[in-house]
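File shown: query-v3.cif. Contents: mmCIF, C-alpha atoms and all ligand atoms.
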data_start
#
loop_
_atom_site.label_atom_id
_atom_site.label_comp_id
_atom_site.auth_asym_id
_atom_site.auth_seq_id
_atom_site.Cartn_x
_atom_site.Cartn_y
_atom_site.Cartn_z
CA MET A 958 -12.30 15.55 5.23
CA ASN A 959 -15.52 13.82 6.23
CA THR A 960 -18.75 13.59 4.21
CA ILE A 961 -20.29 16.63 5.92
CA ASP A 962 -17.22 18.76 5.04
CA ALA A 963 -17.31 17.54 1.43
CA VAL A 964 -20.98 18.51 1.09
CA LYS A 965 -20.28 21.88 2.72
CA ASP A 966 -17.34 22.58 0.38
CA LYS A 967 -19.46 21.91 -2.68
CA GLN A 968 -22.12 24.27 -1.30
CA VAL A 969 -19.46 26.98 -1.09
CA TRP A 970 -18.50 26.50 -4.77
CA ASN A 971 -22.18 26.45 -5.74
CA SER A 972 -22.97 29.70 -3.90
CA ASP A 973 -24.00 32.89 -5.72
CA ASP A 974 -21.16 35.15 -4.51
CA VAL A 975 -18.44 32.67 -5.36
CA ILE A 976 -19.88 31.96 -8.80
CA ARG A 977 -20.22 35.68 -9.52
CA THR A 978 -16.56 36.24 -8.60
CA TYR A 979 -15.20 33.36 -10.67
CA ALA A 980 -17.42 34.10 -13.68
CA SER A 981 -16.17 37.69 -13.86
CA VAL A 982 -12.43 36.99 -14.21
CA ALA A 983 -10.54 36.29 -17.40
CA ASP A 984 -6.82 36.93 -16.89
CA LEU A 985 -4.40 34.05 -17.08
CA GLN A 986 -1.81 33.69 -14.35
CA LYS A 987 1.82 34.01 -15.54
CA PRO A 988 2.64 30.28 -15.31
CA GLU A 989 -0.58 29.47 -17.14
CA GLU A 990 0.62 31.71 -19.96
CA ALA A 991 3.94 29.87 -19.96
CA ILE A 992 2.14 26.51 -20.12
CA LEU A 993 -0.18 27.72 -22.87
CA ASN A 994 2.85 28.87 -24.87
CA ALA A 995 4.62 25.54 -24.28
CA LEU A 996 1.60 23.68 -25.69
CA ARG A 997 0.39 26.24 -28.24
CA ASP A 998 1.53 24.26 -31.27
CA ARG A 999 -0.21 21.11 -30.05
CA LEU A 1000 -3.54 22.66 -29.04
CA PRO A 1001 -5.08 22.86 -32.55
CA ASN A 1002 -4.93 19.05 -32.65
CA ALA A 1003 -5.60 18.46 -28.96
CA ARG A 1004 -8.60 17.21 -27.08
CA MET A 1005 -8.52 19.19 -23.86
CA LEU A 1006 -10.17 18.46 -20.52
CA ASP A 1007 -10.40 21.47 -18.19
CA LEU A 1008 -11.13 20.20 -14.66
CA GLY A 1009 -12.64 22.49 -12.02
CA ILE A 1010 -13.20 25.33 -14.52
CA GLY A 1011 -15.13 27.45 -12.06
CA GLY A 1012 -16.55 30.41 -13.98
CA GLY A 1013 -14.54 29.69 -17.13
CA ARG A 1014 -11.47 31.91 -16.64
CA THR A 1015 -9.21 29.45 -18.47
CA THR A 1016 -11.93 28.68 -21.05
CA VAL A 1017 -11.50 32.21 -22.44
CA HIS A 1018 -7.93 31.36 -23.47
CA PHE A 1019 -7.83 27.63 -24.18
CA GLU A 1020 -11.21 26.95 -25.79
CA PRO A 1021 -10.56 28.96 -28.98
CA LEU A 1022 -7.22 27.16 -29.49
CA ALA A 1023 -8.08 23.53 -28.73
CA TYR A 1024 -9.43 21.11 -31.34
CA GLU A 1025 -11.96 19.86 -28.78
CA TYR A 1026 -12.58 21.44 -25.38
CA HIS A 1027 -14.44 19.91 -22.44
CA GLY A 1028 -14.95 22.32 -19.54
CA THR A 1029 -15.98 20.56 -16.35
CA ASP A 1030 -16.56 21.13 -12.66
CA TYR A 1031 -18.10 19.07 -9.87
CA ALA A 1032 -20.15 22.13 -8.82
CA GLU A 1033 -23.25 22.05 -11.02
CA ARG A 1034 -23.88 25.78 -10.77
CA MET A 1035 -20.35 26.60 -11.98
CA VAL A 1036 -21.07 24.55 -15.10
CA GLU A 1037 -24.38 26.40 -15.56
CA ALA A 1038 -22.51 29.72 -15.24
CA CYS A 1039 -20.11 28.63 -18.00
CA LEU A 1040 -23.00 27.62 -20.25
CA ARG A 1041 -24.38 31.15 -19.76
CA ARG A 1042 -20.98 32.80 -20.25
CA PHE A 1043 -20.06 30.94 -23.46
CA PRO A 1044 -23.35 30.56 -25.38
CA SER A 1045 -21.65 30.59 -28.77
CA ALA A 1046 -18.71 28.31 -28.05
CA GLY A 1047 -17.50 26.10 -30.91
CA PRO A 1048 -19.19 22.87 -32.01
CA ARG A 1049 -16.51 20.75 -30.39
CA THR A 1050 -16.92 22.47 -27.02
CA ARG A 1051 -18.93 20.97 -24.16
CA PHE A 1052 -19.49 21.89 -20.53
CA PHE A 1053 -20.54 19.19 -18.11
CA VAL A 1054 -20.42 18.14 -14.47
CA LEU A 1055 -17.45 15.95 -13.62
CA ASP A 1056 -15.79 15.04 -10.34
CA ALA A 1057 -12.03 14.89 -10.81
CA THR A 1058 -11.76 12.08 -8.26
CA ASP A 1059 -14.10 9.79 -10.20
CA MET A 1060 -14.29 10.32 -13.95
CA ARG A 1061 -16.36 7.24 -14.66
CA GLY A 1062 -17.94 7.57 -18.08
CA VAL A 1063 -14.89 9.31 -19.57
CA PRO A 1064 -13.18 6.86 -21.96
CA ASP A 1065 -9.59 5.74 -21.35
CA HIS A 1066 -6.81 7.68 -23.12
CA TYR A 1067 -9.19 10.19 -24.71
CA TYR A 1068 -7.52 13.54 -23.97
CA ASP A 1069 -4.23 15.07 -25.10
CA PHE A 1070 -4.18 17.71 -22.39
CA VAL A 1071 -5.77 17.85 -18.94
CA LEU A 1072 -5.71 21.06 -16.89
CA PHE A 1073 -6.71 21.46 -13.23
CA SER A 1074 -5.98 25.14 -12.74
CA PHE A 1075 -5.77 27.58 -9.84
CA ASN A 1076 -5.36 24.98 -7.10
CA GLY A 1077 -8.62 23.15 -7.70
CA ILE A 1078 -6.86 19.92 -6.73
CA ASP A 1079 -6.13 21.38 -3.28
CA CYS A 1080 -9.86 21.38 -2.54
CA VAL A 1081 -9.94 17.61 -2.93
CA ALA A 1082 -9.73 15.59 0.31
CA PRO A 1083 -6.13 14.42 0.92
CA HIS A 1084 -7.09 10.74 0.66
CA ASP A 1085 -8.66 11.44 -2.77
CA ARG A 1086 -5.74 13.40 -4.20
CA GLU A 1087 -3.97 10.34 -5.63
CA LYS A 1088 -7.28 9.28 -7.19
CA VAL A 1089 -7.21 12.48 -9.26
CA PHE A 1090 -3.69 11.70 -10.50
CA CYS A 1091 -4.72 8.11 -11.34
CA GLU A 1092 -7.84 9.28 -13.17
CA VAL A 1093 -5.79 11.84 -15.16
CA GLN A 1094 -3.40 9.04 -16.17
CA ARG A 1095 -6.36 6.93 -17.26
CA VAL A 1096 -8.21 9.55 -19.34
CA CYS A 1097 -5.10 11.12 -20.88
CA LYS A 1098 -3.29 9.59 -23.86
CA PRO A 1099 0.26 8.29 -23.36
CA GLY A 1100 2.46 11.24 -24.32
CA GLY A 1101 -0.32 13.67 -23.37
CA HIS A 1102 0.14 16.50 -20.86
CA PHE A 1103 -1.23 17.32 -17.43
CA ALA A 1104 -0.95 20.77 -15.82
CA PHE A 1105 -2.15 21.86 -12.41
CA SER A 1106 -1.20 24.17 -9.57
CA SER A 1107 -0.95 23.44 -5.89
CA HIS A 1108 -0.40 25.51 -2.75
CA ASN A 1109 3.17 25.72 -1.56
CA LEU A 1110 3.88 24.61 2.00
CA LEU A 1111 7.13 26.62 1.98
CA TYR A 1112 5.05 29.79 1.75
CA VAL A 1113 3.16 29.24 5.03
CA PRO A 1114 5.42 31.43 7.28
CA ARG A 1115 4.79 34.39 4.96
CA MET A 1116 1.04 34.07 5.41
CA TYR A 1117 1.48 35.10 9.04
CA ARG A 1118 3.46 38.27 8.24
CA LEU A 1119 2.03 41.76 8.47
CA LYS A 1120 2.25 43.71 5.21
CA TRP A 1121 2.04 47.43 4.68
CA TYR A 1122 -1.20 48.60 3.06
CA ARG A 1123 -2.08 52.20 2.28
CA ARG A 1124 -5.73 51.65 3.10
CA TRP A 1125 -6.22 51.27 6.83
CA ARG A 1126 -9.14 48.85 6.41
CA GLU A 1127 -6.89 46.39 4.57
CA PHE A 1128 -4.12 46.97 7.09
CA LEU A 1129 -6.43 46.26 10.04
CA TYR A 1130 -8.01 43.25 8.33
CA GLN A 1131 -4.64 41.54 8.54
CA PHE A 1132 -4.88 41.34 12.34
CA TYR A 1133 -8.14 39.43 11.97
CA ARG A 1134 -6.60 37.24 9.25
CA ILE A 1135 -3.54 36.38 11.33
CA ALA A 1136 -5.67 35.72 14.42
CA MET A 1137 -7.81 33.32 12.37
CA LEU A 1138 -4.71 31.62 10.93
CA LEU A 1139 -3.45 31.04 14.47
CA TYR A 1140 -6.85 29.82 15.63
CA TYR A 1141 -7.29 27.28 12.82
CA ASN A 1142 -3.70 26.24 12.11
CA GLY A 1143 -1.57 27.13 15.14
CA LEU A 1144 1.96 28.52 14.79
CA PRO A 1145 3.62 28.36 11.37
CA GLY A 1146 6.82 26.77 12.68
CA GLN A 1147 5.13 23.38 13.05
CA TYR A 1148 4.89 23.05 9.24
CA ALA A 1149 8.63 23.51 8.64
CA ASN A 1150 9.45 19.80 8.56
CA LYS A 1151 6.25 18.55 6.99
CA LYS A 1152 5.90 17.39 3.39
CA PHE A 1153 2.26 18.44 3.19
CA ALA A 1154 -0.52 19.76 5.42
CA VAL A 1155 -4.16 20.79 5.30
CA LEU A 1156 -4.79 24.39 6.35
CA ARG A 1157 -7.58 26.90 6.68
CA ASP A 1158 -5.80 29.72 4.89
CA GLY A 1159 -8.61 32.24 4.48
CA VAL A 1160 -9.96 31.01 1.13
CA GLU A 1161 -13.66 31.80 0.95
CA HIS A 1162 -13.65 33.35 4.44
CA PHE A 1163 -11.87 30.41 6.11
CA SER A 1164 -14.67 28.07 5.09
CA LEU A 1165 -12.50 25.60 3.12
CA SER A 1166 -9.68 23.26 4.10
CA ILE A 1167 -6.87 23.56 1.58
CA PHE A 1168 -4.02 21.15 0.83
CA TYR A 1169 -0.45 22.54 0.89
CA ILE A 1170 2.57 20.57 -0.32
CA GLN A 1171 6.33 21.10 -0.60
CA PRO A 1172 7.17 21.42 -4.33
CA GLU A 1173 10.06 18.97 -4.03
CA TYR A 1174 7.75 16.38 -2.51
CA GLN A 1175 5.05 17.01 -5.13
CA VAL A 1176 7.58 16.42 -7.90
CA TRP A 1177 8.78 13.23 -6.18
CA GLN A 1178 5.18 12.01 -5.84
CA LEU A 1179 4.39 12.69 -9.51
CA GLN A 1180 7.54 10.89 -10.63
CA ARG A 1181 6.80 7.95 -8.33
CA MET A 1182 3.36 7.68 -9.92
CA GLY A 1183 4.89 7.53 -13.38
CA PHE A 1184 4.43 11.11 -14.62
CA ARG A 1185 7.36 12.08 -16.84
CA ASN A 1186 9.29 15.29 -17.55
CA VAL A 1187 7.81 17.10 -14.56
CA ARG A 1188 8.33 20.85 -14.95
CA VAL A 1189 7.67 23.46 -12.25
CA PHE A 1190 6.69 27.10 -12.83
CA SER A 1191 6.78 29.96 -10.35
CA TYR A 1192 3.45 31.64 -9.71
CA LYS A 1193 5.14 35.01 -9.18
CA THR A 1194 7.33 35.12 -12.28
CA GLY A 1195 5.86 32.45 -14.54
CA GLU A 1196 9.39 31.18 -15.08
CA GLU A 1197 10.36 27.53 -15.01
CA VAL A 1198 12.20 26.56 -11.83
CA ASP A 1199 15.04 24.06 -11.93
CA HIS A 1200 14.47 21.05 -9.67
CA SER A 1201 17.63 21.92 -7.70
CA ARG A 1202 15.99 25.22 -6.66
CA LEU A 1203 12.60 23.97 -5.48
CA ASN A 1204 13.46 24.49 -1.82
CA THR A 1205 14.02 28.20 -2.43
CA LEU A 1206 10.45 28.81 -3.56
CA SER A 1207 9.26 30.37 -0.31
CA ALA A 1208 7.79 33.50 -1.96
CA ASP A 1209 5.30 31.64 -4.19
CA ALA A 1210 1.91 31.04 -2.61
CA TRP A 1211 1.39 28.25 -5.14
CA VAL A 1212 3.30 26.76 -8.05
CA TYR A 1213 2.34 25.15 -11.35
CA TYR A 1214 3.34 21.68 -12.52
CA LEU A 1215 3.39 20.49 -16.13
CA CYS A 1216 4.10 16.85 -16.82
CA GLU A 1217 3.71 14.13 -19.42
CA ILE A 1218 1.72 10.96 -19.08
C1 LIG B 1301 -10.19 27.90 -6.98
S1 LIG B 1301 -11.49 27.41 -8.06
C2 LIG B 1301 -10.70 27.59 -9.64
C3 LIG B 1301 -11.66 27.80 -10.76
C4 LIG B 1301 -11.04 27.97 -12.15
N1 LIG B 1301 -10.22 26.84 -12.53
C5 LIG B 1301 -10.20 29.22 -12.24
O1 LIG B 1301 -9.00 29.09 -12.40
O2 LIG B 1301 -10.74 30.32 -12.13
C6 LIG B 1301 -11.53 25.66 -7.82
C7 LIG B 1301 -12.60 24.95 -8.62
O3 LIG B 1301 -12.42 23.53 -8.47
C8 LIG B 1301 -13.67 22.93 -8.36
N2 LIG B 1301 -13.51 21.62 -7.71
C9 LIG B 1301 -13.21 21.36 -6.41
N3 LIG B 1301 -13.15 20.04 -6.19
C10 LIG B 1301 -13.42 19.44 -7.38
C11 LIG B 1301 -13.51 18.10 -7.81
N4 LIG B 1301 -13.35 17.09 -6.96
N5 LIG B 1301 -13.78 17.85 -9.11
C12 LIG B 1301 -13.97 18.87 -9.99
N6 LIG B 1301 -13.92 20.16 -9.63
C13 LIG B 1301 -13.64 20.45 -8.35
C14 LIG B 1301 -14.52 23.92 -7.57
O4 LIG B 1301 -15.90 23.72 -7.76
C15 LIG B 1301 -14.02 25.25 -8.16
O5 LIG B 1301 -14.80 25.65 -9.26
#

Go ahead and render the structure in this file as structure tokens.
Amino acid sequence: MNTIDAVKDKQVWNSDDVIRTYASVADLQKPEEAILNALRDRLPNARMLDLGIGGGRTTVHFEPLAYEYHGTDYAERMVEACLRRFPSAGPRTRFFVLDATDMRGVPDHYYDFVLFSFNGIDCVAPHDREKVFCEVQRVCKPGGHFAFSSHNLLYVPRMYRLKWYRRWREFLYQFYRIAMLLYYNGLPGQYANKKFAVLRDGVEHFSLSIFYIQPEYQVWQLQRMGFRNVRVFSYKTGEEVDHSRLNTLSADAWVYYLCEI
């Protein structure tokens, strides 16, 4: 991703329609519920950093439980939307602008839990992705937790399939979607032997380039970087997936990872 693309991406996240959409949702995804339950006992004593909060969907659930909650996003207008949405948040809650690739100003080993939910990390340029992991390791305490989700490269062939929809508009829209997928990304078969790829998958009307990675490779990368006890959760079921089964995850558009620093 070059500088022009990075500026354009941020404009997308700062745009009225996108903010309105993200500020109007509140439901947790199933694996997020599983992660919240796994950490529930720790949250009352935890300093939590929520990266890429968007309109504050995860804030609704985590902020009331955490000892201290910092909701952040690199898109200034998302942060403003959260300030409007949570005017009476607790005294230990703050919302501020923060780029996950460069958290200068955040002290070392401050947080107990860092969350980068709903594939926010996949919007980061591929060459900056490791910077996010390094920054999380720096700002999180040893023994702290990091959770994030990332698009699943094994799912790509399914994106090109026609599904049955009752409403003809939705059914017909798929032809446009598949044509655009072919135009931007070519045939799906070429991704079969790749560990990761950057695709235009339709997010925000095909305006963003999104990182996709094989879960097995993501786990290997996290372990290589020193993250411990890496756990994987299915987006569809919310259930934890054993590492021996990661290559079977072709029905999950993205998966969640929970690991220790
Ligand atoms: C798909 S939205 C998810 C929003 C929210 N976490 C949710 O689950 O509803 C991705 C968010 O990541 C943010 N983002 C993208 N790149 C970022 C970066 N480098 N640092 C911080 N936030 C970033 C975007 O501004 C956007 O709000």

- Env. residues ligand LIG 1301 (chain B) / 6 Å / all atoms listed in the file / as a list of chain:residue names: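 Answer in the requested format: A:Trp970, A:Tyr979, A:Leu1008, A:Gly1009, A:Ile1010, A:Gly1011, A:Arg1014, A:Asp1030, A:Tyr1031, A:Ala1032, A:Leu1055, A:Asp1056, A:Ala1057, A:Thr1058, A:Ser1074, A:Phe1075, A:Asn1076, A:Gly1077, A:Cys1080, A:Val1081.
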
- Query: From the list A:Arg1051, A:Lys965, A:His1162, A:Arg1041, which residue is nearest Tyr1024 (chain A) when using all atoms listed in the file?
  - Reply: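 Between A:Arg1051, A:Lys965, A:His1162, A:Arg1041, the residue approaching Tyr1024 (chain A) most closely is A:Arg1051.
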
- Query: Can you tell me how far CA of Arg1095 (chain A) sits from CA of Asp1199 (chain A), in Å to one decimal?
  - Reply: 27.9 Å

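The residue set within 12 Å of Thr978 (chain A), counting all atoms listed in the file and dropping same-chain residues fewer than 2 places from it, reads A:Trp970, A:Asn971, A:Ser972, A:Asp973, A:Asp974, A:Val975, A:Ile976, A:Ala980, A:Ser981, A:Val982, A:Ala983, A:Gly1011, A:Gly1012, A:Gly1013, A:Arg1014, A:Met1035, A:Ala1038, A:Glu1161.
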
- Message: Using Å and a single decimal, report how far CA of Gly1195 (chain A) sits from CA of Ala991 (chain A).
- Response: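 Going from CA of Ala991 (chain A) over to CA of Gly1195 (chain A) covers 6.3 Å.
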
- Task: Pick out the residues sitting within 10 Å of region 1105-1111 of chain A, and hand them over as a PyMOL selection string; count only C-alpha atoms, and ignore anything fewer than 3 positions along from it in its own chain.
- Result: chain A and resi 988-989+992+1008+1071-1080+1114-1115+1148-1156+1167-1173+1175+1189-1192+1203-1216

- How far is it from CA of Glu1037 (chain A) to CA of Leu1000 (chain A), in Å with one decimal?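 Spanning CA of Glu1037 (chain A) to CA of Leu1000 (chain A) is a straight-line distance of 25.1 Å.
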
- Message: Here is a test: counting only C-alpha atoms, which residue of A:Gly1143, A:Tyr1112, A:Arg1118, A:Glu1087 is nearest to Arg1181 (chain A)?
- Response: A:Glu1087

- From the set A:Arg1134, A:Lys967, A:Arg999, A:His1066, which residue has the shortest atom-to-atom contact distance to Pro1099 (chain A), counting all atoms listed in the file?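 The shortest atom-to-atom distance to Pro1099 (chain A) comes from A:His1066.
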
- Select, from A:His1200, A:Lys987, A:Arg1157, A:Arg1086, the residue with the minimum atom-to-atom distance to Asn1186 (chain A), counting all atoms listed in the file.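 Smallest distance to Asn1186 (chain A) is found for A:His1200.
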
- Go through A:Phe1070, A:Thr1050, A:Val1036, A:Asp1059 and flag the residue nearest Leu993 (chain A), using all atoms listed in the file for the distances. A:Phe1070

- Item | Selected residue of minimal separation from Arg1004 (chain A) among A:Ala1104, A:Leu1022, A:Val1187, A:Val1176, counting only C-alpha atoms | A:Leu1022

- Quick one: everything within 12 Å of Ala1046 (chain A), counting all atoms listed in the file, minus sequence neighbours fewer than 5 positions away in the same chain. Send it as a PyMOL selection string. chain A and resi 1013+1016-1017+1019-1023+1025-1028+1039-1041+1051-1052

- Task: With only C-alpha atoms counted, which protein, DNA or RNA residues have an atom no more than 12 Å from (5.1, 7.5, -13.1) in the file frame? Please answer as a PyMOL selection string.
- Result: chain A and resi 1090-1091+1093-1094+1099+1176-1187+1216-1218
